[in-house]
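Working notes, structure below.
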Number of protein chains: 2
Amino acid sequence: MNKLVIFGVGLIGGSLALALKQSNANVRIVGVGRNPDSLSEALRLNIIDQAEIDVKAALSNADVIVLAAPVAQTQPILTNIKPLITPNMVITDAGSTKCDVLNYANSILGEQFCQFVGGHPIAGAEKSGPSAAMANLYQNKNVILTPANQTNSNAINVVKSMWEQCGAIVSTMPAETHDGIFAAVSHLPHLLAFALVDDLASRPNAEQLFSFAASGFRDFTRIAGSHPEMWRDISFANKAALLNEIQAFQTELETIKQLLQDENSTALEALFLRASQARNQWAKTKQAQISQ
Amino acid sequence: MNKLVIFGVGLIGGSLALALKQSNANVRIVGVGRNPDSLSEALRLNIIDQAEIDVKAALSNADVIVLAAPVAQTQPILTNIKPLITPNMVITDAGSTKCDVLNYANSILGEQFCQFVGGHPIAGAEKSGPSAAMANLYQNKNVILTPANQTNSNAINVVKSMWEQCGAIVSTMPAETHDGIFAAVSHLPHLLAFALVDDLASRPNAEQLFSFAASGFRDFTRIAGSHPEMWRDISFANKAALLNEIQAFQTELETIKQLLQDENSTALEALFLRASQARNQWAKTKQAQISQ
């Protein structure tokens with residue numbers, strides 16, 4: 001890979017650029033974005049080698065194009081670059097949902113869809129923007145690729161090798177599997193955290209409630225501080241899988257409510273025990289990987 | 001206060017002892033417990049001055065008696081000490097629920113109930129046992145006292161001043177108010193975290209789901225690693241308030257599900273925004289206090 005074009009030079013795109021520069025000093029990285037301030041900052045921080053507003057200039061002789069802008073821009077960017085894509089180019093993205101992205105890519109790119117590989121790096125941080133970018137953000141983190149049946153195996157290999165150069169652990173699975181997993185382990189928890197805080201914040205005694213909330217509440221609700229617009233987009237992008245997860249959770253919560261109402265203390269303790277064992281076992285296995 | 005008797009010399013009771021010793025070197029602290037190993041350890045670590053299995057010897061000339069053993073022992077301990085309580089003694093506890101404790105205390109202590117002050121220090125840590133005790137555990141933490149109408153004002157003052165000596169911020173409120181607040185900001189979040197982990201752990205693809213869970217999941221589910229027996233006891237002790245909270249949460253979740261189904265993106269984003277603003281505002285105000 002000689003030339004990489006990244007749309008969006010914030011935390012996700014910027015960290016990819018830094019990691020690749022660290023492992024391969026020869027790659028030329030061009031940043032494209034709507035925000036001139038972000039682009040200048042990325043340039044100043046040596047995250048990118050060139051900042052471009054002109055997409056044609058950016059894509060000329062590009063090997064890989066990475067979409068790391070907010071997901072709402074995926075369709076306009078794909079439409080914009082479509083006439084500039086040559087047969088040797090590989091296109092990938094970094095969005096949190098994959099079925100919707102593959103559908104857009106398929107309908108917009110047409111026969112060039114075989115050059116597109118859906119991707120999702122499972123990494124993030126509290127901060128955003130170019131100044132938050134870190135060369136080690138993807139070290140030992142999972143990156144999931146969701147190629148379609150039509151996808152070129154060469155394109156898959158290029159994207160896989162790009163993420164492996166960043167120190168990531170790359171898995172491949174169908175987009176539907178990906179979206180089901182993340183509805184369960186990420187999107188639903190976000191929704192539940194938003195729900196709890198909104199429920200409490202709307203009460204007349206909200207101030208009193210919040211004044212006695214402590215460390216358990218802090219950790220449980222941390223993800224309720226996430227970006228509302230981004231999570232609105234994720235929720236709708238993964239609507240079908242998320243509705244399934246809400247339904248499953250409602251059933252589980254109704255079961256717990258019933259055990260409490262029936263004073264079935266044996267079954268309630270057994271449920272808490274299963275959960276605490278699974279959670280503590282998970283933490284033991286994963287803590288090192290997600291310590292950031 | 002010259003002599004303090006603590007039932008249960010683990011994290012909660014042990015930290016109280018250490019904090020009081022630090023602020024008042026003259027107080028004599030007697031530890032009482034069922035577990036001889038814990039008592040010897042507390043003695044060895046200079047948390048207590050005397051270890052007693054004999055309750056009569058322990059209570060002789062005591063000024064204050066603190067119940068800091070697991071809540072399931074509250075009734076047996078009260079029954080046990082009842083004949084040994086003299087009119088000058090003040091009794092308090094450190095349990096997470098207060099209506100149930102006041103009911104037990106009222107029915108067991110009878111006319112001595114006026115010497116009992118329900119208490120709940122809002123502090124904890126991952127670890128337990130005497131070795132986890134810390135002199136600064138209660139520094140800037142909330143402690144709630146829930147006196148009844150009959151409670152002696154002198155008894156309230158003694159307990160209030162004891163916790164203030166530990167650096168705590170003491171509030172007073174009716175037991176019902178306390179239990180309502182903690183059902184909302186602590187007990188419900190625990191139940192939701194247990195519910196999510198149990199739901200996922202029981203699926204055929206649990207291993208795959210957990211392998212892609214990351215930092216959001218880690219924080220959201222941290223409290224699902226809590227002690228199952230303790231949370232069974234808390235859930236039933238605060239059953240009525242907790243059932244109300246489950247109901248309110250179910251309504252909120254159903255609302256979110258409906259917004260998603262109806263593709264009402266404006267209302268869903270507005271809800272996420274309310275939650276994220278409330279959560280981030282809360283974090284700003286409280287982070288310093290609950291940084292441990």
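Simple scheme: letters A, B, ... for chains in structure tokens order, numbers from 1 for residues in each chain, numbers from 1 for ligands in the order shown.
Any residue of chain A with an atom within 6 Å of chain B counts; using only C-alpha atoms, that gives Ile181, Val185, Phe194, Val197, Asp198, Leu209, Ala213, Ser215, Asp219, Phe220, Ala224, Gly225, Pro228, Arg232, Glu269, Phe272, Leu273, Ala275, Ser276, Arg279, Asn280 and Ile290 of chain A.
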Please give the complete set of residues from segment 100-187 of chain A that DSSP, run on the backbone, assigns to alpha helix (DSSP H), formatted as a PyMOL selection string. chain A and resi 100-109+153-165+175-182
Just the strand (DSSP E or B) stuff from segment 126-264 of chain B, please, per backbone DSSP, written as a ChimeraX atom specification. /B:142-145,169-172
Figure out the distance between atom CA of Met134 of chain A and atom CA of Arg34 of chain A, please, to one decimal in Å. 21.5 Å
Non-local contacts of Met173 of chain B (12 Å; only C-alpha atoms; under 4 positions in same chain excluded) as a ChimeraX atom specification: /A:208 /B:98-99,117-120,143-149,156,177-181
Using only C-alpha atoms, which residues sit within 10 Å of Ser60 of chain A once same-chain residues fewer than 5 positions away are excluded, as a PyMOL selection string? chain A and resi 3+5+55+84-86
Shell of 9 Å around Met1 of chain B, only C-alpha atoms, local chain residues under 2 positions omitted, as an NGL selection string: :B and (3-4 or 26-28 or 62-64 or 158 or 162)
